[in-house]
Amino acid sequence: MPAVQETVDQVRRIDVDQYKYGFVTDIESDRAPKGLSEDIVRYISAKKNEPEWMLEWRLEAYRRWLTMTEPTWARVHYPKIDFDDLYYYSAPKSTKGPKSLDEVDPELLATYEKLGIPLREREILAGVEGASDRRVAVDAVFDSVSVVTTFKEELKKAGVIFCAISEAIREYPDLVRKYLGSVVPTSDNFYATLNSAVFSDGSFVYVPEGVRCPMELSTYFRINERNTGQFERTLIIAEKGAYVSYLEGCTAPMRDENQLHAAVVELVALDDAEIKYSTVQNWYPGDKDGKGGIYNFVTKRGDCRGARSKISWTQVETGSAITWKYPSCILRGDESQGEFYSIAVSNGYQQVDSGTKMIHLGKNTRSRIISKGIAAGRSDNTYRGLVSAHRKASGARNFTNCDSLLIGDQCGAHTVPYIESKNASAVFEHEATTSKIADDQLFYCLQRGLTSEEAVALIVNGFVKDVIQQLPMEFAVEAQKLISISLEGSVG
Amino acid sequence: MTAVRSVAAGMNGQIKMLSIKNLHASVGDREILRGVNLEVPTGQVHAIMGPNGSGKSTLSYVLAGRDGYDITDGSIVFGGEEIVETPAEERAAKGIFLAFQYPLEIPGVATMTFLKAAMNAQRKARGEAELTTPDFMRRVKVAAEKLNVTQEMLRRPLNVGFSGGEKKRNEILQMALLEPKLAILDETDSGLDIDALKTVSDGVNALRAPNRSMLVITHYQRLLDHIVPDVVHVMAAGRIVRSGGPELALELEANGYADYVGAAAA
Ligand SMILES: Nc1ncnc2c1ncn2[C@@H]1O[C@H](COP(=O)(O)OP(=O)(O)O)[C@@H](O)[C@H]1O
Ligand SMILES: [Mg+2]
């Protein structure tokens with residue numbers, strides 16, 4: 001119960017449609033000229049001091065992208081994006097790349113502090129709720145650059161590499177060349193290809209054989225600059241028998257215009273390795289009339305390359321004007337496992353089209369999908385999922401459960417499951433429910449003395465419980481609060 | 001005489017817990033309560049009987065402050081205070097409790113969690129300190145044992161998959177923990193077998209107290225064998241049409257509601 005109480009207290013303190021991360025950091029930026037061309041791709045690559053092979057890789061993606069068209073199959077609507085009207089690179093002038101904390105612009109440190117992400121290692125213990133003896137290493141990405149990565153040295157002692165991807169390209173080129181684009185090829189889809197051409201920063205994680213990463217890793221993405229797209233690129237590799245749990249968080253200032261965020265995340269798990277990837281996505285969702293907000297067009301995919309490997313995606317999606325995102329698992333190794341746990345909350349005029357793909361290739365592979373969609377206001381919330389079994393995937397198993405909760409009668413929830421099985425021994429189960437927070441359910445809570453805010457928080461917390469339990473403990477309370485704040489004002 | 005009776009402390013010194021005067025309530029253009037008059041003194045148990053559709057549940061909802069009803073006329077005075085405009089959650093905190101005919105389910109929310117949320121919400125509204133966890137646990141344990149509510153049941157999501165009897169026992173458990181001044185029990189007997197009826201009635205009787213009033217709504221007389229009321233009212237077509245002692249319930253049992261249904265139609 002304390003979680004619900006805190007949620008409610010928090011909701012009370014915040015005015016309706018006041019996004020608490022909506023401030024702008026006043027900092028001088030170094031920006032690429034507007035628009036996209038080969039020159040811009042070269043500009044970005046040069047800014048990052050990249051080797052020649054990386055530039056070629058980008059240029060190839062860019063040329064491919066020119067031949068592609070935007071996907072239109074998702075249940076989302078928005079005016080056509082003018083890709084020449086965006087800035088593709090922006091970095092605080094004071095930052096030339098990741099460095100030690102002492103060198104980071106105090107203005108940036110203050111920004112992250114305001115966002116509740118203490119970057120000074122000694123402050124981290126105090127900052128994270130419930131983390132009495134657990135620490136979290138943070139890579140902080142501000143617009144197009146990583147400004148700092150904490151606990152790097154300590155991680156290194158365990159053999160774990162955790163750094164900005166731009167740094168990894170310079171420092172660990174063999175690893176990056178081996179794995180980058182191996183899960184999401186540069187030609188994968190319109191936004192992934194665009195990302196491959198212009199990606200600026202993101203995180204790189206490498207956990208060597210048999211190592212259990214000694215702390216939670218996380219990346220915090222912040223878009224600050226106006227008219228700027230953020231194209232993050234994250235690559236996580238878990239060698240045989242390795243384990244890592246990683247969390248990303250994201251926010252952006254409130255701006256009238258829509259901003260593009262097109263990320264690519266690739267995960268590779270070798271034999272017996274496990275990767276747990278959690279997202280708390282809280283990009284600016286736009287105002288109460290649907291003006292502004294982030295277009296979150298993201299490609300996330302994990303490759304269970306080794307036998308008995310496991311990849312688990314957990315996402316709490318509350319922000320963005322539009323979310324287009326399908327974190328997926330390729331279950332290549334025999335007996336590998338994929339999981340997708342999702343809470344997608346939409347309010348106001350938000351549009352969510354999200355789900356997962358579980359591609360069963362190996363024998364006795366298992367996958368589990370638990371999706372909880374909550375729609376309020378005038379929002380639209382779609383679950384779109386694919387579960388497929390290859391000819392050779394004998395004994396493949398999937399269990400899917402998609403529940404939707406509607407608050408009010410002007411929102412929509414949709415479930416679009418695709419199932420393809422080419423192996424007769426595959427067993428796929430699918431359950432779906434749609435419910436409403438019924439008036440009588442609310443009245444029952446009010447009659448017992450709860451306010452309508454408390455009642456909605458309680459009912460919603462109950463609805464999402466199965467997924468919240470999957471989040472690292474440090475973030476579960478935070479996520480619960482976020483969900484309630486997102487739904488604030490949804491019942492009259 | 002009537003003038004004297006209508007003041008808060010009547011001839012026999014009784015304080016009125018609840019005083020409803022000429023209450024009219026409609027949904028849309030349909031008038032359901034058509035001039036209800038009812039007084040319940042502090043410490044008394046009153047029964048409301050009546051045919052299906054006479055407006056008993058509507059009266060209970062309107063007393064509890066449910067949205068969706070237009071109160072077109074009349075007043076509800078509770079503990080000396082007019083509450084027609086008071087929101088439902090504030091009425092709850094003031095001490096009005098409604099045991100639902102069909103208790104609602106809340107998936108994923110443990111019964112225990114819900115109980116604590118409700119108790120603390122009411123305490124907060126009254127400016128009292130929240131219960132400490134040990135204090136809360138102790139209270140629940142004591143009340144649950146009396147009602148044969150197991151720890152296992154308290155861990156299950158609220159009312160989800162509960163049998164009819166479990167749901168009703170859970171309602172009475174909430175009543176015991178929330179310690180209302182006025183408890184309205186809407187058809188608490190419906191769907192109960194004889195053993196469950198006994199458990200629930202014993203639970204209710206244990207909560208009878210000089211500072212607590214109850215309004216027991218039932219269609220059947222059998223509940224009133226267990227919870228013996230001070231006064232029985234008959235409701236028909238949105239009004240209280242007759243009041244009497246416990247013997248009135250027996251008369252209704254023998255003759256049925258035919259007279260009242262006829263009268264209502266006329
Ligand atoms: N929300 C509503 N809208 C329209 N009619 C209603 C509504 N609620 C109750 N009624 C009608 O009002 C009458 C009284 O209902 P109710 O109070 O449930 O009676 P009882 O509990 O005595 O059986 C019934 O005819 C019922 O159909
Ligand atoms: Mg009824």
# chains A, B, ... in the order shown; residues from 1 in each chain; ligands from 1
>>> residues_near_ligand(ligand="ligand 2", cutoff="10 Å", atoms="only C-alpha atoms and all ligand atoms", output="list in words")
Gly50, Pro51, Asn52, Gly53, Ser54, Gly55, Lys56, Ser57, Thr58, Leu59, Ser60, Tyr61, Phe100, Gln101, Tyr102, Asp186, Glu187, Ile217, Thr218 and His219 of chain B
>>> select_by_dssp(residues="range 28-249 of chain B", states="alpha helix (DSSP H)", output="ChimeraX atom specification")
/B:56-64,88-94,111-125,133-146,151-155,164-178,194-206,222-226,247-249
>>> select_by_dssp(residues="range 104-237 of chain B", states="strand (DSSP E)", output="list in words")
Ile106, Pro107, Gly108, Val109, Ala110, Pro157, Leu158, Leu182, Ala183, Ile184, Leu185, Asp186, Ser213, Met214, Leu215, Val216, Ile217, Thr218, Val231, Val232, His233, Val234, Met235 and Ala236 of chain B
>>> residues_around(residues="Arg155 in chain B", least_positions_apart="2", cutoff="10 Å", atoms="only C-alpha atoms", output="VMD selection string")
chain B and resid 109 to 113 150 to 153 157 to 158
>>> interface_residues(of="chain B", to="chain A", cutoff="7 Å", atoms="only C-alpha atoms", output="PDB file with C-alpha atoms, in the first residue's frame")
ATOM      1  CA  ALA B  64     -24.070   6.328   0.107  1.00  0.00           C
ATOM      2  CA  ARG B  66     -23.406   7.275  -5.692  1.00  0.00           C
ATOM      3  CA  ALA B  88     -19.401   9.469  -1.466  1.00  0.00           C
ATOM      4  CA  GLU B  89     -15.886   9.144  -0.022  1.00  0.00           C
ATOM      5  CA  GLU B  90     -16.589  11.859   2.548  1.00  0.00           C
ATOM      6  CA  ALA B  92     -17.785   6.981   4.060  1.00  0.00           C
ATOM      7  CA  ALA B  93     -15.302   8.808   6.269  1.00  0.00           C
ATOM      8  CA  PHE B  97     -21.055   1.993   5.208  1.00  0.00           C
ATOM      9  CA  LEU B 104     -17.239  -5.750  -6.773  1.00  0.00           C
ATOM     10  CA  ILE B 106     -10.640  -5.792  -8.101  1.00  0.00           C
ATOM     11  CA  PRO B 107      -8.163  -8.076  -9.878  1.00  0.00           C
ATOM     12  CA  GLY B 108      -4.548  -7.923  -8.740  1.00  0.00           C
ATOM     13  CA  VAL B 109      -5.312  -6.078  -5.507  1.00  0.00           C
ATOM     14  CA  THR B 113      -4.142  -4.266   0.582  1.00  0.00           C
ATOM     15  CA  ALA B 117      -6.154   1.415   1.798  1.00  0.00           C
ATOM     16  CA  ALA B 118      -9.762   1.897   2.877  1.00  0.00           C
ATOM     17  CA  ALA B 121      -8.128   6.701   3.555  1.00  0.00           C
ATOM     18  CA  GLN B 122     -10.924   7.163   6.063  1.00  0.00           C
TER      19      GLN B 122
END
>>> closest_residue(among="A:Ser421, A:His77, A:Ser166, A:Ala262", to="Ile322 in chain A", atoms="only C-alpha atoms")
A:His77
>>> residues_around(residues="Ile419 in chain A", least_positions_apart="3", cutoff="8 Å", atoms="only C-alpha atoms", output="MDAnalysis selection string")
chainID A and resid 386:388
>>> residues_around(residues="Met175 in chain B", least_positions_apart="4", cutoff="9 Å", atoms="only C-alpha atoms", output="ChimeraX atom specification")
/B:97-99,170-171,179-180,183,204,207
>>> write_last_selection(atoms="all heavy atoms", output="mmCIF file, in the first residue's frame")
data_model
loop_
_atom_site.group_PDB
_atom_site.id
_atom_site.type_symbol
_atom_site.label_atom_id
_atom_site.label_comp_id
_atom_site.auth_asym_id
_atom_site.auth_seq_id
_atom_site.Cartn_x
_atom_site.Cartn_y
_atom_site.Cartn_z
ATOM 1 N N PHE B 97 -21.603 3.180 5.851
ATOM 2 C CA PHE B 97 -21.055 1.993 5.208
ATOM 3 C C PHE B 97 -22.174 1.257 4.493
ATOM 4 O O PHE B 97 -23.248 1.057 5.043
ATOM 5 C CB PHE B 97 -20.420 1.069 6.256
ATOM 6 C CG PHE B 97 -19.882 -0.215 5.676
ATOM 7 C CD1 PHE B 97 -18.572 -0.266 5.211
ATOM 8 C CD2 PHE B 97 -20.688 -1.345 5.586
ATOM 9 C CE1 PHE B 97 -18.077 -1.447 4.668
ATOM 10 C CE2 PHE B 97 -20.188 -2.530 5.035
ATOM 11 C CZ PHE B 97 -18.877 -2.571 4.579
ATOM 12 N N LEU B 98 -21.881 0.834 3.274
ATOM 13 C CA LEU B 98 -22.855 0.057 2.519
ATOM 14 C C LEU B 98 -22.280 -1.325 2.206
ATOM 15 O O LEU B 98 -21.233 -1.432 1.557
ATOM 16 C CB LEU B 98 -23.205 0.793 1.205
ATOM 17 C CG LEU B 98 -24.028 0.027 0.172
ATOM 18 C CD1 LEU B 98 -25.384 -0.401 0.730
ATOM 19 C CD2 LEU B 98 -24.233 0.879 -1.093
ATOM 20 N N ALA B 99 -22.954 -2.357 2.699
ATOM 21 C CA ALA B 99 -22.583 -3.720 2.305
ATOM 22 C C ALA B 99 -23.348 -4.009 1.025
ATOM 23 O O ALA B 99 -24.581 -4.001 1.017
ATOM 24 C CB ALA B 99 -22.952 -4.712 3.400
ATOM 25 N N ASN B 170 -16.803 -11.098 3.492
ATOM 26 C CA ASN B 170 -15.809 -10.059 3.270
ATOM 27 C C ASN B 170 -16.424 -8.662 3.451
ATOM 28 O O ASN B 170 -15.772 -7.745 3.956
ATOM 29 C CB ASN B 170 -15.227 -10.232 1.861
ATOM 30 C CG ASN B 170 -13.953 -9.433 1.649
ATOM 31 O OD1 ASN B 170 -13.344 -8.953 2.604
ATOM 32 N ND2 ASN B 170 -13.563 -9.280 0.406
ATOM 33 N N GLU B 171 -17.672 -8.515 3.063
ATOM 34 C CA GLU B 171 -18.354 -7.231 3.272
ATOM 35 C C GLU B 171 -18.466 -6.935 4.766
ATOM 36 O O GLU B 171 -18.203 -5.829 5.218
ATOM 37 C CB GLU B 171 -19.757 -7.239 2.645
ATOM 38 C CG GLU B 171 -19.794 -7.280 1.136
ATOM 39 C CD GLU B 171 -19.235 -6.018 0.504
ATOM 40 O OE1 GLU B 171 -19.922 -4.974 0.510
ATOM 41 O OE2 GLU B 171 -18.103 -6.078 0.000
ATOM 42 N N GLU B 179 -15.774 0.214 11.228
ATOM 43 C CA GLU B 179 -16.547 0.692 12.379
ATOM 44 C C GLU B 179 -17.466 1.866 12.063
ATOM 45 O O GLU B 179 -17.337 2.958 12.622
ATOM 46 C CB GLU B 179 -15.580 1.088 13.515
ATOM 47 C CG GLU B 179 -14.669 -0.050 13.919
ATOM 48 C CD GLU B 179 -13.655 0.348 14.979
ATOM 49 O OE1 GLU B 179 -13.138 1.486 14.906
ATOM 50 O OE2 GLU B 179 -13.394 -0.467 15.869
ATOM 51 N N PRO B 180 -18.409 1.649 11.120
ATOM 52 C CA PRO B 180 -19.273 2.772 10.720
ATOM 53 C C PRO B 180 -20.286 3.139 11.802
ATOM 54 O O PRO B 180 -20.551 2.350 12.717
ATOM 55 C CB PRO B 180 -19.993 2.215 9.495
ATOM 56 C CG PRO B 180 -20.048 0.735 9.735
ATOM 57 C CD PRO B 180 -18.752 0.402 10.426
ATOM 58 N N ALA B 183 -24.655 1.416 9.194
ATOM 59 C CA ALA B 183 -24.363 0.359 8.225
ATOM 60 C C ALA B 183 -25.636 0.044 7.459
ATOM 61 O O ALA B 183 -26.689 -0.173 8.063
ATOM 62 C CB ALA B 183 -23.849 -0.882 8.938
ATOM 63 N N VAL B 204 -22.866 -9.681 12.024
ATOM 64 C CA VAL B 204 -23.603 -8.414 12.084
ATOM 65 C C VAL B 204 -24.081 -8.149 13.518
ATOM 66 O O VAL B 204 -23.910 -7.043 14.047
ATOM 67 C CB VAL B 204 -24.799 -8.426 11.106
ATOM 68 C CG1 VAL B 204 -25.668 -7.189 11.302
ATOM 69 C CG2 VAL B 204 -24.310 -8.511 9.657
ATOM 70 N N LEU B 207 -21.808 -6.658 15.867
ATOM 71 C CA LEU B 207 -21.494 -5.243 15.634
ATOM 72 C C LEU B 207 -22.619 -4.300 16.074
ATOM 73 O O LEU B 207 -22.509 -3.089 15.943
ATOM 74 C CB LEU B 207 -21.162 -5.016 14.152
ATOM 75 C CG LEU B 207 -19.881 -5.710 13.666
ATOM 76 C CD1 LEU B 207 -19.773 -5.651 12.162
ATOM 77 C CD2 LEU B 207 -18.657 -5.081 14.321
#
